[in-house]
Every structure is written in C-alpha cells, then in structure tokens.
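Have a look at the structure below, then the notes.
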Amino acid sequence: MKAMHSMPKFRNLLTLSFTALLIAAPAFAETCTGGSDLDAQTRGSLETTARSVYNMAAKGNVYGLKQNSVASLANSFGGVEQVVIDNKANLASDQPALRGAYFLDATGGAATIERAEFYCGVFNSSDRTGFVLNNLPAGKYAVVIEDAKGPSPMTLSLVLQVVDGAWKIGGFYVKQANANGHDGQWYWDQAKQLAAKGQKHAAFFYYLEASDLLHPVSVITDPTLDKLYDEIQAATPPDVPLNGPVTLTGPDGKSYQLTSAVPLVTKDGLALLLKQTVADASDTTAAFQANMGAMKAAVSKWPETRDIFTSVVARAQDAQGRDYGSLLNMKDIK
C-alpha cells in the first residue's frame with residue numbers, strides 16, 4: 001500500500017491554448033482544406049514548419065519552440081516545456097511521418113468565433129475530417145499530425161496560426177500512440193470481445209483506452225472516430241461517471257461520489273484512475289481513508305477490473321481545489 005501526493009500524468013497531454021470540444025452539428029461558416037485538395041505551396045509550408053517544430057522538440061529546444069509560438073501560448077509556456085522534457089528521448093528516437101495536414105480558414109466571421117467548426121471533404125462522406133475549436137480568434141490556422149514509429153511510438157499534433165505571414169504554434173500536443181505494447185485498434189477489438197461476453201465494465205474501460213489512443217488530438221473527428229464514440233455511448237454502464245458523477249456504496253457501507261473513472265498508463269501496466277469529491281482533501285488521514293474506500297467500492301462493483309488493471313489510483317478532491325492521491329496494487333485490494 002502506498003500513498004501518493006502527486007497525480008501521475010495522463011498521457012503527457014498538453015491541452016491546446018484554446019478550449020476544444022468534439023464535433024457536434026454541421027455548420028459551414030469556416031472552411032477546411034486537406035488531403036489532395038491542399039495546394040502544393042501550402043502543404044509544403046506546413047510540412048516544413050511541422051518538421052522544424054518536431055526537430056526542436058526532439059532536441060529539447062524549448063527556447064526555439066517558445067520563440068515560434070503565438071503570444072497567448074508563449075506567455076504560459078511551462079506546460080509545453082514539461083511535455084518536451086518528458087518526451088524528448090522518445091521523439092529523438094525516430095523521424096516523423098506526416099499523417100495529415102489541414103488548412104483552416106476562419107477569416108470570414110466575427111473577431112472571435114465562439115464555436116468554429118471546420119469540415120474537410122464532403123460532409124457525411126466516408127473520408128471527411130472535422131475539427132471544432134471554441135473561442136477562436138478570426139484568422140488562418142492549420143492542424144498538422146505527425147507519427148514517430150520509434151521504440152515508443154508517439155504522435156505530435158500541432159495547431160498553427162498565421163501571424164505576420166508566418167506559421168506560429170498555437171497548440172502543441174504530444175501523446176503515446178501505444179499503451180503497454182498495444183495500439184488503439186487492439187483495445188477496440190478487445191472491448192468488443194469483452195462486451196460480447198457480458199463483461200461490460202472491462203469493455204467500457206478498454207473502449208476509453210481505444211478512444212484515447214486513436215484520437216491524435218481531441219478536436220478531431222472522422223467516421224471511424226464517430227463510430228467508436230457511438231459504441232462507447234452504447235456500452236457505457238449506468239454506474240460509471242462518464243456523463244456525470246455517480247455514487248458507489250462500498251463494502252464498508254459508506255458512499256463515495258466518483259467524478260471520473262478512466263484508464264491510466266503506468267510503467268507497470270494499466271491502472272484504473274478514480275477521482276472523487278470529499279469535504280476536505282487537506283485532512284490527509286480522512287482523504288486516505290476515503291481513497292481506500294473508493295477503491296474497494298469500485299472494484300467490488302466492477303469485479304472485471306481485476307482482470308485488466310494492475311493497480312488503482314484514487315484522488316480525493318475538494319471544492320477548494322485541494323487534492324490527495326493514493327495508490328494500491330490490484331492484488332492488495334481485498
């Protein structure tokens with residue numbers, strides 16, 4: 001049994017500098033060009049910029065990345081710096097391959113677009129790609145996705161903005177492409193098999209892992225990702241906190257309000273990460289007991305989790321933003 005005071009990072013993700021949501025309903029106020037529709041000059045400039053950014057990240061050149069970022073990102077660059085430090089070795093192990101480049105034109109609307117929706121390709125076609133960016137200043141943007149197939153496969157996604165005639169980094173997003181040696185499609189296939197066996201909770205968590213791995217960046221969607229989203233919604237058990245908090249009663253008879261339950265990749269395997277609401281997380285004794293109780297409640301209610309997770313991490317959080325974390329190996333949860 002081990003208490004932890006800092007939360008493990010979930011995929012080393014850096015949130016984009018503007019709030020992002022998944023795609024919803026169609027709108028055509030903005031335009032997107034990608035694939036074979038992208039002119040050679042624009043595609044070339046995006047490839048050159050993406051390659052330069054990747055090489056700076058692989059060398060740990062935080063100064064260069066900051067100098068080539070938009071002001072809003074450069075002014076709060078600590079998150080990017082940490083992501084670069086954490087992933088430098090993996091990025092340096094291989095040269096990237098360009099997965100996709102998309103030019104997003106948002107110059108025809110308001111000064112700030114509350115919900116900017118972009119669609120590449122024919123809407124509802126099998127090869128369409130969509131993006132949604134909230135609170136987006138009017139301008140010209142691009143999304144570029146690169147894959148590095150080294151010993152630890154990584155994906156680098158960039159949101160770029162034209163500033164004074166040059167591409168600048170507006171969003172920098174690095175994530176692992178595999179979890180414990182398996183890619184997103186493997187977790188998706190396993191989720192379907194588990195669901196067919198009636199193991200709905202194990203299936204649900206594998207669906208979540210598949211979604212995380214298959215989304216290079218949260219603002220993108222396409223027919224495959226839409227299909228996965230629909231399967232997740234259909235497979236979500238009523239007692240997991242996907243669409244809102246849930247209350248679980250543990251073997252001790254106490255109730256625990258869970259606000260989140262997701263897979264977490266660790267060096268020892270896949271862990272179950274729980275977050276719960278408590279009155280006062282600064283009371284570490286009470287928070288520790290609450291975390292132990294929440295772990296036992298979750299594993300008791302979702303027994304299939306014993307087969308897919310090596311450990312459970314619980315985080316007690318209060319309304320003041322205080323947070324206390326604990327970890328138990330799955331074999332120690334009785």
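To be explicit about the labels: the chains of the structure tokens are called A, B, and onward in the order shown, and within each one the residues are counted from 1, while ligands get numbers from 1 in the order they are shown.
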Backbone-only DSSP, strand (DSSP E) members of stretch 91-332 of chain A, as a PyMOL selection string: chain A and resi 97-106+112-120+129-137+139-148+154-163+166-176+220-221+246-249+255-266+269-277+311-317+323-329
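Using only C-alpha atoms, the contacts of stretch 125-137 of chain A at a cut-off of 6 Å, with sequence neighbours closer than 6 positions omitted, comprise Thr19, Ala20, Ile23, Ala111, Thr112, Ile113, Glu114, Arg115, Ala116, Glu117, Phe118, Tyr119, Val219, Ile220, Thr221 and Asp222 of chain A.
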Grab the residues selected above and save them as a PDB file, in the first residue's frame with N, CA and C atoms.
```pdb
ATOM      1  N   THR A  19      -9.852  26.441 -25.681  1.00  0.00           N
ATOM      2  CA  THR A  19     -10.715  25.344 -25.272  1.00  0.00           C
ATOM      3  C   THR A  19     -11.188  24.589 -26.486  1.00  0.00           C
ATOM      4  N   ALA A  20     -11.196  23.241 -26.410  1.00  0.00           N
ATOM      5  CA  ALA A  20     -11.581  22.428 -27.547  1.00  0.00           C
ATOM      6  C   ALA A  20     -12.634  21.418 -27.160  1.00  0.00           C
ATOM      7  N   ILE A  23     -16.632  17.313 -32.172  1.00  0.00           N
ATOM      8  CA  ILE A  23     -17.551  17.801 -33.181  1.00  0.00           C
ATOM      9  C   ILE A  23     -18.996  17.468 -32.838  1.00  0.00           C
ATOM     10  N   ALA A 111     -14.846  38.627 -34.876  1.00  0.00           N
ATOM     11  CA  ALA A 111     -13.469  38.768 -34.385  1.00  0.00           C
ATOM     12  C   ALA A 111     -13.054  37.566 -33.554  1.00  0.00           C
ATOM     13  N   THR A 112     -13.977  37.040 -32.771  1.00  0.00           N
ATOM     14  CA  THR A 112     -13.762  35.802 -32.027  1.00  0.00           C
ATOM     15  C   THR A 112     -14.949  34.900 -32.286  1.00  0.00           C
ATOM     16  N   ILE A 113     -14.677  33.682 -32.712  1.00  0.00           N
ATOM     17  CA  ILE A 113     -15.732  32.738 -33.076  1.00  0.00           C
ATOM     18  C   ILE A 113     -15.973  31.817 -31.891  1.00  0.00           C
ATOM     19  N   GLU A 114     -17.178  31.863 -31.357  1.00  0.00           N
ATOM     20  CA  GLU A 114     -17.486  31.096 -30.149  1.00  0.00           C
ATOM     21  C   GLU A 114     -17.310  29.604 -30.385  1.00  0.00           C
ATOM     22  N   ARG A 115     -17.753  29.133 -31.532  1.00  0.00           N
ATOM     23  CA  ARG A 115     -17.614  27.716 -31.868  1.00  0.00           C
ATOM     24  C   ARG A 115     -17.286  27.604 -33.352  1.00  0.00           C
ATOM     25  N   ALA A 116     -16.011  27.474 -33.657  1.00  0.00           N
ATOM     26  CA  ALA A 116     -15.563  27.388 -35.050  1.00  0.00           C
ATOM     27  C   ALA A 116     -15.546  25.927 -35.485  1.00  0.00           C
ATOM     28  N   GLU A 117     -16.316  25.605 -36.502  1.00  0.00           N
ATOM     29  CA  GLU A 117     -16.445  24.230 -36.981  1.00  0.00           C
ATOM     30  C   GLU A 117     -15.905  24.132 -38.404  1.00  0.00           C
ATOM     31  N   PHE A 118     -15.024  23.191 -38.615  1.00  0.00           N
ATOM     32  CA  PHE A 118     -14.362  23.023 -39.905  1.00  0.00           C
ATOM     33  C   PHE A 118     -14.611  21.602 -40.413  1.00  0.00           C
ATOM     34  N   TYR A 119     -14.874  21.487 -41.730  1.00  0.00           N
ATOM     35  CA  TYR A 119     -15.109  20.173 -42.333  1.00  0.00           C
ATOM     36  C   TYR A 119     -14.273  20.039 -43.592  1.00  0.00           C
ATOM     37  N   VAL A 219      -9.695  17.561 -30.724  1.00  0.00           N
ATOM     38  CA  VAL A 219     -10.604  18.369 -31.536  1.00  0.00           C
ATOM     39  C   VAL A 219     -10.937  17.747 -32.879  1.00  0.00           C
ATOM     40  N   ILE A 220     -10.422  16.563 -33.181  1.00  0.00           N
ATOM     41  CA  ILE A 220     -10.610  15.944 -34.482  1.00  0.00           C
ATOM     42  C   ILE A 220     -11.670  14.856 -34.425  1.00  0.00           C
ATOM     43  N   THR A 221     -12.376  14.683 -35.521  1.00  0.00           N
ATOM     44  CA  THR A 221     -13.252  13.539 -35.655  1.00  0.00           C
ATOM     45  C   THR A 221     -13.320  13.128 -37.123  1.00  0.00           C
ATOM     46  N   ASP A 222     -13.681  11.885 -37.330  1.00  0.00           N
ATOM     47  CA  ASP A 222     -13.873  11.341 -38.674  1.00  0.00           C
ATOM     48  C   ASP A 222     -14.842  10.167 -38.537  1.00  0.00           C
TER      49      ASP A 222
END
```
Please produce, as a tab-separated table, a per-residue contact table for stretch 136-224 of chain A versus stretch 58-81 of chain A (criterion: any atom at most 7 Å away, only C-alpha atoms considered), showing the nearest atom pair and its distance in Å to one decimal, sorted by chain then residue number.
```
residue	atom	partner	partner_atom	distance
A:Lys168	CA	A:Ser69	CA	4.9
A:Ile169	CA	A:Ser69	CA	4.2
A:Gly170	CA	A:Val70	CA	5.6
A:Phe172	CA	A:Val80	CA	7.0
```
Store the residues picked out above, limited to all heavy atoms, as a compact mmCIF listing (two decimals), in the first residue's frame.
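Contents of again.txt, freshly written:
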```txt
# COMPACT_ATOMS: atom_id res chain seq x y z
N LYS A 168 2.88 30.09 -36.71
CA LYS A 168 3.28 30.07 -35.31
C LYS A 168 2.49 28.97 -34.59
O LYS A 168 1.38 28.63 -34.97
CB LYS A 168 2.99 31.42 -34.64
CG LYS A 168 3.79 32.58 -35.24
CD LYS A 168 5.27 32.48 -34.93
CE LYS A 168 6.03 33.69 -35.41
NZ LYS A 168 7.48 33.60 -35.11
N ILE A 169 3.11 28.43 -33.53
CA ILE A 169 2.48 27.34 -32.78
C ILE A 169 1.39 27.92 -31.88
O ILE A 169 1.65 28.76 -31.03
CB ILE A 169 3.51 26.60 -31.92
CG1 ILE A 169 4.68 26.11 -32.78
CG2 ILE A 169 2.86 25.42 -31.19
CD1 ILE A 169 5.87 25.64 -31.96
N GLY A 170 0.15 27.43 -32.06
CA GLY A 170 -0.95 27.83 -31.19
C GLY A 170 -1.36 26.71 -30.24
O GLY A 170 -1.97 26.95 -29.21
N PHE A 172 0.18 22.62 -28.96
CA PHE A 172 1.25 21.62 -29.04
C PHE A 172 0.80 20.42 -28.21
O PHE A 172 0.58 20.53 -27.01
CB PHE A 172 2.54 22.23 -28.46
CG PHE A 172 3.75 21.36 -28.55
CD1 PHE A 172 4.63 21.48 -29.61
CD2 PHE A 172 4.04 20.45 -27.55
CE1 PHE A 172 5.77 20.69 -29.69
CE2 PHE A 172 5.17 19.65 -27.61
CZ PHE A 172 6.04 19.78 -28.69
```
Between atom CA of A:Gly293 and atom CA of A:Pro251 - distance in Å to one decimal: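 Result for atom CA of A:Pro251 versus atom CA of A:Gly293: 8.2 Å, one decimal.
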Interatomic distance, atom CA of A:Asn243 to atom CA of A:Ala210 (Å, one decimal):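 Distance reported for this atom pair: 18.1 Å.
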Polymer residues at most 8 Å from stretch 300-302 of chain A, only C-alpha atoms, same-chain spacing of 6 or more positions, as a ChimeraX atom specification: /A:201,248,250-251
Write a file of the just-selected residues containing C-alpha atoms, as a compact mmCIF listing (two decimals), in the first residue's frame.
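As written to disk, again27.txt reads:
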```txt
# COMPACT_ATOMS: atom_id res chain seq x y z
CA HIS A 201 -17.19 -2.70 -17.25
CA LEU A 248 -20.99 3.97 -5.18
CA GLY A 250 -18.60 0.22 -0.69
CA PRO A 251 -18.33 -2.97 1.37
```
DSSP-assigned alpha helix (DSSP H) members of stretch 124-272 of chain A, reported as a PyMOL selection string: chain A and resi 184-196+200-214+223-235
Straight-line distance linking atom CA of A:Leu213 with atom CA of A:Leu242, stated in Å to one decimal: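 Computing the Euclidean distance for atom CA of A:Leu213 and atom CA of A:Leu242 yields 17.7 Å.
Among the candidates A:Pro245, A:Gly198, A:Gly100, A:Gly139, the one nearest to A:Gln161 when counting only C-alpha atoms is A:Gly139.
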Minimum-distance residue to A:Asp94, chosen among A:Phe205, A:Tyr187, A:Tyr54, A:Phe309 (using only C-alpha atoms):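 For A:Asp94, the nearest of the candidates is A:Tyr54.
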Residues within 8 Å of stretch 265-272 of chain A, only C-alpha atoms, excluding chain neighbours under 6 positions, as number ranges by chain: A: 10-11, 179-180, 308-313
Nearest residue to A:Ala177 from the set A:Gln199, A:Thr107, A:Ser211, A:Thr277 (distances using only C-alpha atoms):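 Nearest to A:Ala177: A:Ser211.
In this comparison, which uses only C-alpha atoms, the residue of A:Ala97, A:Pro241, A:Val174, A:Trp167 approaching A:Val84 most closely is A:Val174.
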